[in-house]
Amino acid sequence: MTGPSDGDMVAAPRDIPETVGYGLKRLLLGKPLINERLRAEKLSNPVALGVLAPDAISSTAYGTEEILIELLPAAGLAAFALLLPLTGVILAILVLVAASYRQVVMAYTRAGGSYVVSRENFGPRVAQVAAAALLIDYVVTVAVQAAAGTVAVVSAVRPLGPYSLEITVTIVILMCWANLRGLREAGRAFAVPTYFFAGMVLLMIGTGLVREFTVGLPQYHPATLAGTVPVHQGSGLIAGATLLIFLRAFANGGSSLTGVEAISNTVNSFRKPQGVNARRVLTVMACLLGSLLAGVAWLAHVTHATPYSAGYPSVLSEIARLVFGNGSVGTTMYVLMQIATAAILFTGANTSFNGFPALASFVAEDRFLPRQLTTRGHRLVFSNGIIILTVLAVGLLVVTGGSVNALIPFYAIGVFTGFAMAGYGMTKHHLRQREPGWRRRLAVNFSAGVLATLVVGIFAVAKFTEGAWLVVIVFPLLVLALMRLNREYRSEAAILEEFRTNRPEQVVYAHHHVFALVNAVDLAVLEALRYGRSMRPDDLVAVHLMVDAAKAKRIQERWEYYGLTVPLRVVDCPDRRLGRALQRIVLEALDEQPRTHVTVLLPRRSYAPLLGRLLHDRTADRLSRAVSEVPHAAATIVPFDVEAELRRAFPDELEARLGSRIDAALTRLSREEEATVDEAEHPEINSATPTISALINGQTTTVEGRVTDTAERGKSGSPRVVEISDHTGRLSVSFPDGQGADIVVGQTLSVTGGVRRERGHATMVDARYRILEADPTEDRAR
């Protein structure tokens, strides 16, 4: 068999050069990931505990300290006696909240936690209370956990203390970059910090118990320590027992319960049976958290470890130093404790970089947040959500100076509001379902909801002057903003429904006028006029809105100089209100004849993104909005790529201007991109079938390729044309009536039929096909 001649070969598609901006993006974030990589990794219970528990377990590092910060200035040394009963109250709440969430994970096995519970039982509008609470919680979690992680570092390396804020902000930015590159919170690597920290704290508690009941533990003497928080020296127990001090201390200690809801937010990550496994892990996490909190509180009570005004060294650090001692072994254990503490706190902060974007995408799918938050980026992550979270967290850190104590007032209101919404939602669930044992479960969930509501109230009152006022104000405003945005989306949906009912697209305009706006005689205007002629209007008129008479005269002279045949209309605009002047022109054209439509073309010179922002303003956007307010009128922005035209006209000069370094970088990235394209778009093809570029005109053959595009045919819904590709070219394939409805983009097909070539493009008509690879979107993680 002879090979095809060059004349019968189908030309491979031309490569489109990548921009410098995309090249830099590739350098920072790596190669783009293909959609098939978006798979859910199901976690075993031990790994799930390590991956999902750091936010909760790590609160052990600062929960006890936050209670002492409130008690010591008012109660003095009696604070160490009051610490234990307050911790007991917090542990009781932990038991009730964990019992409530044990039912949540059994009833709702999809991601979303209290938001899904609220939405399913109260509707999407009420669920925005839970959404706002969780979104605020995620932002504050990043700030608190990262700041606390820095405290663990500077507690061991004191000279770094003055740079705590800079270190924390840098850590958050690095987390943002890592997550934009597609960091995944799954697997053993993310479980290690949790087990390492829990093991070190349990070892410290065990060592402390042994030493206390054998030789006794030494104590700190706050009066002799420089730099600690103020310690009341009078009759501390009476002063410390005042209600407001108790409430503030309790509110601070409530931060120890953050993260308990994390497992309910990701139930779908567990292996089947998902609810049962999630409940087991939740129970183990709650027991571990309770043990660590109780042990650290008891050691603080025994050793009188005192917080410092600067925020470092931490109480946990001081306890570890005293328990492990000053010898070589003790110093090694102390260093390991600080490493473990920093690791789990930074890991806990990173959990929000998965939770916040995912929750924001859920809320956006319900049309309460912008649709851009549902879009996955370069590395299959919700890039917009990650960037927004980083900006908010860094802003919060800067405002508070990166102080954990200053951040705590922002914390528990969102956390406990989520607890309350989950409890109330499950209460309604039980009332509706009335499954066996529903009364007992209802009592647990309703009690958890009421108790969480009380805690929110306590926190709002007790910490109001210390920063909680901001959350009290921001929280309802955020809920109202979500509602307002949803109203806009619902209004659009109502208009679309009216469109479906009345079918306005069947109205035919009798007259079509096109105006091309002219601000200078340049290449962009010429392109707009060319585009206007292609629309075949009844009238095409160029319009210049005159603000400067001298400029208008120069435009008219250049118009005549270039011999442009389109009539130029100059409209005086002395008040410089270009939008109103343009609206007046459009309305006059509409009034001339009935059933008239007006299109306004707005030329725009486009450049590279950064250069474009410097070289042109947003006038076209403003005028476009003005035209869109007029019925039966539309504005079209006609972009003209100046740099692309220069590249075509003066390739040598432009190449020299870009420089050899950028050119070399683009060449390297292009080679990597080719490898990515081969991986993403061109599956392995059976060597027995010909490539698309080797198809011969008039030959009947079988070829394989990946579906890259489809077009619908009439009312049948079958693809009229399917485009498949391999690494050598593209082929358009059509099928007999009623066939091809099951073909979607991304599948790999084997098609058989006669090949035709028209104008260098290969087609196959009435082809038979076989799907070699199923829909790649099936079973894809959300």
# chains A, B, ... in the order shown; residues from 1 in each chain; ligands from 1
$ residues_around --residues "Glu527 in chain A" --least-positions-apart "4" --cutoff "12 Å" --atoms "only C-alpha atoms" --output "VMD selection string"
chain A and resid 516 to 518 521 to 523 531 to 534 601 to 605 637 to 642 645
$ residues_around --residues "Thr170 in chain A" --least-positions-apart "4" --cutoff "12 Å" --atoms "only C-alpha atoms" --output "list in words"
Ala143, Ala146, Ala147, Thr150, Tyr163, Ser164, Leu165, Glu166, Leu174, Met175, Cys176, Trp177, Phe346, Thr390, Ala393, Val394, Leu397, Val398 and Gly402 of chain A
$ atom_distance --atom1 "CA of Phe213 in chain A" --atom2 "CA of Gly199 in chain A"
21.2 Å
$ residues_around --residues "Ala156 in chain A" --least-positions-apart "6" --cutoff "9 Å" --atoms "only C-alpha atoms" --output "PyMOL selection string"
chain A and resi 313+317+334-335+338-339
$ select_by_dssp --residues "range 158-280 of chain A" --states "helix (DSSP H, G or I)" --output "VMD selection string"
chain A and resid 158 to 180 188 to 214 222 to 224 236 to 240 243 to 257 262 to 265 267 to 269 274 to 280
$ residues_around --residues "range 103-105 of chain A" --least-positions-apart "3" --cutoff "8 Å" --atoms "only C-alpha atoms" --output "number ranges by chain"
A: 99-100, 108-109, 113, 117, 263-264, 267, 275-276, 278-279, 422, 426, 441
$ write_last_selection --atoms "C-alpha atoms" --output "compact mmCIF listing (two decimals), in the first residue's frame"
# COMPACT_ATOMS: atom_id res chain seq x y z
CA ALA A 99 -22.87 14.16 69.79
CA SER A 100 -24.83 16.54 67.55
CA TYR A 108 -25.75 14.17 55.30
CA THR A 109 -22.88 12.39 53.63
CA GLY A 113 -21.57 20.49 56.92
CA VAL A 117 -27.96 20.84 56.88
CA ILE A 263 -15.27 16.25 59.50
CA SER A 264 -18.91 17.08 58.70
CA VAL A 267 -17.89 13.40 54.76
CA GLY A 275 -21.41 8.13 57.48
CA VAL A 276 -20.29 5.31 59.76
CA ALA A 278 -17.01 9.72 59.60
CA ARG A 279 -18.83 9.17 62.89
CA ALA A 422 -26.43 22.43 62.44
CA MET A 426 -31.03 18.42 62.53
CA ARG A 441 -31.66 12.50 68.82
$ atom_distance --atom1 "CA of Phe382 in chain A" --atom2 "CA of Asp366 in chain A"
16.2 Å
$ residues_around --residues "Ser256 in chain A" --least-positions-apart "5" --cutoff "12 Å" --atoms "only C-alpha atoms" --output "PDB file with N, CA, C and O atoms, in the first residue's frame"
ATOM      1  N   PRO A  54      -6.472  18.475  62.291  1.00  0.00           N
ATOM      2  CA  PRO A  54      -5.502  19.452  62.804  1.00  0.00           C
ATOM      3  C   PRO A  54      -6.112  20.753  63.280  1.00  0.00           C
ATOM      4  O   PRO A  54      -5.634  21.341  64.250  1.00  0.00           O
ATOM      5  N   ASP A  55      -7.173  21.238  62.625  1.00  0.00           N
ATOM      6  CA  ASP A  55      -7.801  22.487  63.049  1.00  0.00           C
ATOM      7  C   ASP A  55      -8.315  22.376  64.479  1.00  0.00           C
ATOM      8  O   ASP A  55      -8.149  23.293  65.295  1.00  0.00           O
ATOM      9  N   ALA A  56      -8.932  21.239  64.804  1.00  0.00           N
ATOM     10  CA  ALA A  56      -9.463  21.062  66.159  1.00  0.00           C
ATOM     11  C   ALA A  56      -8.355  20.741  67.155  1.00  0.00           C
ATOM     12  O   ALA A  56      -8.249  21.374  68.215  1.00  0.00           O
ATOM     13  N   ILE A  57      -7.508  19.767  66.845  1.00  0.00           N
ATOM     14  CA  ILE A  57      -6.476  19.330  67.782  1.00  0.00           C
ATOM     15  C   ILE A  57      -5.498  20.457  68.087  1.00  0.00           C
ATOM     16  O   ILE A  57      -5.042  20.614  69.225  1.00  0.00           O
ATOM     17  N   SER A  58      -5.172  21.262  67.083  1.00  0.00           N
ATOM     18  CA  SER A  58      -4.174  22.312  67.285  1.00  0.00           C
ATOM     19  C   SER A  58      -4.642  23.408  68.227  1.00  0.00           C
ATOM     20  O   SER A  58      -3.811  24.153  68.761  1.00  0.00           O
ATOM     21  N   SER A  59      -5.968  23.536  68.449  1.00  0.00           N
ATOM     22  CA  SER A  59      -6.445  24.563  69.382  1.00  0.00           C
ATOM     23  C   SER A  59      -5.970  24.309  70.801  1.00  0.00           C
ATOM     24  O   SER A  59      -6.013  25.212  71.648  1.00  0.00           O
ATOM     25  N   THR A  60      -5.496  23.099  71.072  1.00  0.00           N
ATOM     26  CA  THR A  60      -4.894  22.809  72.373  1.00  0.00           C
ATOM     27  C   THR A  60      -3.713  23.729  72.645  1.00  0.00           C
ATOM     28  O   THR A  60      -3.401  24.023  73.809  1.00  0.00           O
ATOM     29  N   ALA A  61      -3.060  24.209  71.584  1.00  0.00           N
ATOM     30  CA  ALA A  61      -1.853  25.012  71.748  1.00  0.00           C
ATOM     31  C   ALA A  61      -2.139  26.386  72.336  1.00  0.00           C
ATOM     32  O   ALA A  61      -1.238  27.008  72.907  1.00  0.00           O
ATOM     33  N   TYR A  62      -3.374  26.890  72.192  1.00  0.00           N
ATOM     34  CA  TYR A  62      -3.635  28.250  72.679  1.00  0.00           C
ATOM     35  C   TYR A  62      -4.903  28.375  73.523  1.00  0.00           C
ATOM     36  O   TYR A  62      -5.132  29.422  74.130  1.00  0.00           O
ATOM     37  N   GLY A  63      -5.748  27.335  73.592  1.00  0.00           N
ATOM     38  CA  GLY A  63      -7.003  27.449  74.322  1.00  0.00           C
ATOM     39  C   GLY A  63      -6.814  27.765  75.800  1.00  0.00           C
ATOM     40  O   GLY A  63      -7.426  28.696  76.343  1.00  0.00           O
ATOM     41  N   THR A  64      -5.961  27.013  76.485  1.00  0.00           N
ATOM     42  CA  THR A  64      -5.719  27.231  77.915  1.00  0.00           C
ATOM     43  C   THR A  64      -5.091  28.600  78.154  1.00  0.00           C
ATOM     44  O   THR A  64      -5.449  29.315  79.102  1.00  0.00           O
ATOM     45  N   GLU A  65      -4.170  28.976  77.306  1.00  0.00           N
ATOM     46  CA  GLU A  65      -3.509  30.278  77.450  1.00  0.00           C
ATOM     47  C   GLU A  65      -4.503  31.420  77.360  1.00  0.00           C
ATOM     48  O   GLU A  65      -4.413  32.409  78.120  1.00  0.00           O
ATOM     49  N   GLU A  66      -5.471  31.319  76.437  1.00  0.00           N
ATOM     50  CA  GLU A  66      -6.447  32.393  76.280  1.00  0.00           C
ATOM     51  C   GLU A  66      -7.332  32.544  77.519  1.00  0.00           C
ATOM     52  O   GLU A  66      -7.737  33.657  77.867  1.00  0.00           O
ATOM     53  N   ILE A  67      -7.631  31.458  78.202  1.00  0.00           N
ATOM     54  CA  ILE A  67      -8.399  31.551  79.458  1.00  0.00           C
ATOM     55  C   ILE A  67      -7.584  32.286  80.510  1.00  0.00           C
ATOM     56  O   ILE A  67      -8.091  33.190  81.205  1.00  0.00           O
ATOM     57  N   LEU A  86     -13.539  25.920  84.479  1.00  0.00           N
ATOM     58  CA  LEU A  86     -13.889  26.498  83.179  1.00  0.00           C
ATOM     59  C   LEU A  86     -13.585  25.513  82.052  1.00  0.00           C
ATOM     60  O   LEU A  86     -14.366  25.368  81.106  1.00  0.00           O
ATOM     61  N   THR A  87     -12.454  24.836  82.176  1.00  0.00           N
ATOM     62  CA  THR A  87     -12.121  23.814  81.179  1.00  0.00           C
ATOM     63  C   THR A  87     -13.152  22.696  81.200  1.00  0.00           C
ATOM     64  O   THR A  87     -13.521  22.152  80.150  1.00  0.00           O
ATOM     65  N   VAL A  89     -16.342  22.978  81.877  1.00  0.00           N
ATOM     66  CA  VAL A  89     -17.538  23.451  81.162  1.00  0.00           C
ATOM     67  C   VAL A  89     -17.329  23.344  79.656  1.00  0.00           C
ATOM     68  O   VAL A  89     -18.214  22.901  78.901  1.00  0.00           O
ATOM     69  N   ILE A  90     -16.143  23.731  79.186  1.00  0.00           N
ATOM     70  CA  ILE A  90     -15.846  23.655  77.746  1.00  0.00           C
ATOM     71  C   ILE A  90     -15.860  22.214  77.265  1.00  0.00           C
ATOM     72  O   ILE A  90     -16.373  21.896  76.176  1.00  0.00           O
ATOM     73  N   LEU A  91     -15.355  21.297  78.081  1.00  0.00           N
ATOM     74  CA  LEU A  91     -15.364  19.882  77.697  1.00  0.00           C
ATOM     75  C   LEU A  91     -16.794  19.345  77.637  1.00  0.00           C
ATOM     76  O   LEU A  91     -17.109  18.513  76.780  1.00  0.00           O
ATOM     77  N   ILE A  93     -19.422  21.080  76.766  1.00  0.00           N
ATOM     78  CA  ILE A  93     -19.961  21.573  75.493  1.00  0.00           C
ATOM     79  C   ILE A  93     -19.408  20.746  74.340  1.00  0.00           C
ATOM     80  O   ILE A  93     -20.132  20.426  73.380  1.00  0.00           O
ATOM     81  N   LEU A  94     -18.129  20.388  74.424  1.00  0.00           N
ATOM     82  CA  LEU A  94     -17.524  19.548  73.389  1.00  0.00           C
ATOM     83  C   LEU A  94     -18.282  18.235  73.239  1.00  0.00           C
ATOM     84  O   LEU A  94     -18.542  17.784  72.108  1.00  0.00           O
ATOM     85  N   THR A 141      -9.707  31.423  60.916  1.00  0.00           N
ATOM     86  CA  THR A 141      -8.884  30.229  61.178  1.00  0.00           C
ATOM     87  C   THR A 141      -7.498  30.374  60.568  1.00  0.00           C
ATOM     88  O   THR A 141      -6.488  30.052  61.196  1.00  0.00           O
ATOM     89  N   VAL A 144      -5.633  32.975  62.809  1.00  0.00           N
ATOM     90  CA  VAL A 144      -5.324  32.505  64.167  1.00  0.00           C
ATOM     91  C   VAL A 144      -4.294  31.384  64.134  1.00  0.00           C
ATOM     92  O   VAL A 144      -3.290  31.406  64.872  1.00  0.00           O
ATOM     93  N   GLN A 145      -4.523  30.392  63.301  1.00  0.00           N
ATOM     94  CA  GLN A 145      -3.635  29.241  63.284  1.00  0.00           C
ATOM     95  C   GLN A 145      -2.233  29.622  62.796  1.00  0.00           C
ATOM     96  O   GLN A 145      -1.224  29.146  63.333  1.00  0.00           O
ATOM     97  N   ALA A 249     -13.401  34.877  80.039  1.00  0.00           N
ATOM     98  CA  ALA A 249     -12.499  33.724  80.052  1.00  0.00           C
ATOM     99  C   ALA A 249     -13.123  32.531  79.346  1.00  0.00           C
ATOM    100  O   ALA A 249     -12.475  31.813  78.584  1.00  0.00           O
ATOM    101  N   PHE A 250     -14.428  32.334  79.588  1.00  0.00           N
ATOM    102  CA  PHE A 250     -15.124  31.228  78.928  1.00  0.00           C
ATOM    103  C   PHE A 250     -15.159  31.439  77.417  1.00  0.00           C
ATOM    104  O   PHE A 250     -14.951  30.501  76.636  1.00  0.00           O
ATOM    105  N   ALA A 251     -15.399  32.704  76.996  1.00  0.00           N
ATOM    106  CA  ALA A 251     -15.443  33.000  75.564  1.00  0.00           C
ATOM    107  C   ALA A 251     -14.083  32.725  74.929  1.00  0.00           C
ATOM    108  O   ALA A 251     -13.996  32.154  73.833  1.00  0.00           O
ATOM    109  N   ALA A 286     -12.916  13.853  68.964  1.00  0.00           N
ATOM    110  CA  ALA A 286     -13.451  14.535  70.142  1.00  0.00           C
ATOM    111  C   ALA A 286     -12.801  14.015  71.422  1.00  0.00           C
ATOM    112  O   ALA A 286     -12.463  14.796  72.323  1.00  0.00           O
ATOM    113  N   LEU A 289      -9.194  15.354  71.495  1.00  0.00           N
ATOM    114  CA  LEU A 289      -9.192  16.778  71.800  1.00  0.00           C
ATOM    115  C   LEU A 289      -9.500  17.018  73.274  1.00  0.00           C
ATOM    116  O   LEU A 289      -8.828  17.818  73.945  1.00  0.00           O
ATOM    117  N   GLY A 290     -10.513  16.329  73.805  1.00  0.00           N
ATOM    118  CA  GLY A 290     -10.853  16.492  75.208  1.00  0.00           C
ATOM    119  C   GLY A 290      -9.708  16.093  76.127  1.00  0.00           C
ATOM    120  O   GLY A 290      -9.413  16.780  77.122  1.00  0.00           O
ATOM    121  N   LEU A 292      -6.454  16.073  75.446  1.00  0.00           N
ATOM    122  CA  LEU A 292      -5.359  17.036  75.354  1.00  0.00           C
ATOM    123  C   LEU A 292      -5.694  18.330  76.087  1.00  0.00           C
ATOM    124  O   LEU A 292      -4.844  18.898  76.799  1.00  0.00           O
ATOM    125  N   LEU A 293      -6.934  18.822  75.922  1.00  0.00           N
ATOM    126  CA  LEU A 293      -7.327  20.049  76.612  1.00  0.00           C
ATOM    127  C   LEU A 293      -7.260  19.875  78.126  1.00  0.00           C
ATOM    128  O   LEU A 293      -6.731  20.742  78.842  1.00  0.00           O
ATOM    129  N   ALA A 294      -7.806  18.762  78.604  1.00  0.00           N
ATOM    130  CA  ALA A 294      -7.807  18.516  80.045  1.00  0.00           C
ATOM    131  C   ALA A 294      -6.379  18.378  80.575  1.00  0.00           C
ATOM    132  O   ALA A 294      -6.035  18.938  81.631  1.00  0.00           O
ATOM    133  N   VAL A 296      -3.469  19.571  79.299  1.00  0.00           N
ATOM    134  CA  VAL A 296      -2.731  20.837  79.265  1.00  0.00           C
ATOM    135  C   VAL A 296      -3.245  21.775  80.354  1.00  0.00           C
ATOM    136  O   VAL A 296      -2.446  22.470  81.019  1.00  0.00           O
ATOM    137  N   ALA A 297      -4.565  21.830  80.544  1.00  0.00           N
ATOM    138  CA  ALA A 297      -5.119  22.683  81.604  1.00  0.00           C
ATOM    139  C   ALA A 297      -4.611  22.242  82.970  1.00  0.00           C
ATOM    140  O   ALA A 297      -4.274  23.073  83.829  1.00  0.00           O
ATOM    141  N   ILE A 408      -8.758  36.319  68.678  1.00  0.00           N
ATOM    142  CA  ILE A 408      -9.752  35.433  69.282  1.00  0.00           C
ATOM    143  C   ILE A 408     -11.154  36.023  69.291  1.00  0.00           C
ATOM    144  O   ILE A 408     -12.137  35.306  69.025  1.00  0.00           O
ATOM    145  N   TYR A 411     -13.322  35.027  66.489  1.00  0.00           N
ATOM    146  CA  TYR A 411     -13.311  33.597  66.178  1.00  0.00           C
ATOM    147  C   TYR A 411     -14.639  32.895  66.461  1.00  0.00           C
ATOM    148  O   TYR A 411     -15.318  32.409  65.560  1.00  0.00           O
ATOM    149  N   ALA A 412     -14.989  32.813  67.747  1.00  0.00           N
ATOM    150  CA  ALA A 412     -16.001  31.850  68.167  1.00  0.00           C
ATOM    151  C   ALA A 412     -17.419  32.196  67.726  1.00  0.00           C
ATOM    152  O   ALA A 412     -18.279  31.315  67.708  1.00  0.00           O
ATOM    153  N   VAL A 415     -17.903  30.240  64.618  1.00  0.00           N
ATOM    154  CA  VAL A 415     -17.841  28.811  64.906  1.00  0.00           C
ATOM    155  C   VAL A 415     -19.133  28.337  65.553  1.00  0.00           C
ATOM    156  O   VAL A 415     -19.758  27.361  65.108  1.00  0.00           O
ATOM    157  N   PHE A 416     -19.548  28.993  66.610  1.00  0.00           N
ATOM    158  CA  PHE A 416     -20.720  28.539  67.352  1.00  0.00           C
ATOM    159  C   PHE A 416     -22.024  28.838  66.612  1.00  0.00           C
ATOM    160  O   PHE A 416     -23.022  28.156  66.830  1.00  0.00           O
TER     161      PHE A 416
END
$ residues_around --residues "range 546-559 of chain A" --least-positions-apart "5" --cutoff "8 Å" --atoms "only C-alpha atoms" --output "list in words"
Asn519, Ala520, Val521, Leu564, Leu568, Val570, Val571, Asp572, Cys573, Pro574 and Arg576 of chain A
$ residues_around --residues "Tyr195 in chain A" --least-positions-apart "6" --cutoff "10 Å" --atoms "only C-alpha atoms" --output "PDB file with C-alpha atoms, in the first residue's frame"
ATOM      1  CA  PRO A  46      -6.492   6.743  60.353  1.00  0.00           C
ATOM      2  CA  VAL A  47      -5.488   9.028  57.489  1.00  0.00           C
ATOM      3  CA  LEU A  49      -8.197  11.620  61.389  1.00  0.00           C
ATOM      4  CA  GLY A  50      -4.772  13.053  60.627  1.00  0.00           C
ATOM      5  CA  VAL A  51      -5.935  15.071  57.620  1.00  0.00           C
ATOM      6  CA  ALA A  53      -8.406  16.931  62.709  1.00  0.00           C
ATOM      7  CA  PRO A  54      -5.502  19.452  62.804  1.00  0.00           C
ATOM      8  CA  ILE A  57      -6.476  19.330  67.782  1.00  0.00           C
ATOM      9  CA  VAL A 201       1.473  16.453  73.971  1.00  0.00           C
ATOM     10  CA  ALA A 340       5.231  19.604  66.314  1.00  0.00           C
ATOM     11  CA  ILE A 344       0.079  21.229  63.243  1.00  0.00           C
TER      12      ILE A 344
END
$ atom_distance --atom1 "CA of Arg280 in chain A" --atom2 "CA of Val381 in chain A"
29.0 Å
$ closest_residue --among "A:Phe459, A:Tyr308, A:Phe446, A:Phe353" --to "Gly425 in chain A" --atoms "only C-alpha atoms"
A:Phe446
$ closest_atom_pairs --of "range 85-154 of chain A" --to "range 468-475 of chain A" --cutoff "10 Å" --atoms "only C-alpha atoms" --output "tab-separated table"
residue	atom	partner	partner_atom	distance
A:Val129	CA	A:Phe475	CA	8.4
A:Ala132	CA	A:Phe475	CA	6.6
A:Ala133	CA	A:Phe475	CA	7.3
A:Leu135	CA	A:Phe475	CA	9.9
A:Ile136	CA	A:Phe475	CA	8.0
$ write_last_selection --atoms "N, CA and C atoms" --output "short mmCIF file (atom, residue, chain, number, x, y, z; two decimals), in the first residue's frame"
data_model
loop_
_atom_site.label_atom_id
_atom_site.label_comp_id
_atom_site.auth_asym_id
_atom_site.auth_seq_id
_atom_site.Cartn_x
_atom_site.Cartn_y
_atom_site.Cartn_z
N VAL A 129 -27.13 32.17 56.69
CA VAL A 129 -26.61 32.45 58.03
C VAL A 129 -25.45 31.50 58.32
N ALA A 132 -22.45 32.43 55.98
CA ALA A 132 -21.68 33.57 56.46
C ALA A 132 -20.82 33.19 57.66
N ALA A 133 -21.40 32.38 58.58
CA ALA A 133 -20.65 31.96 59.76
C ALA A 133 -19.42 31.15 59.36
N LEU A 135 -17.86 31.05 56.40
CA LEU A 135 -16.89 31.83 55.63
C LEU A 135 -16.03 32.70 56.55
N ILE A 136 -16.68 33.34 57.53
CA ILE A 136 -15.92 34.13 58.50
C ILE A 136 -14.99 33.23 59.30
#
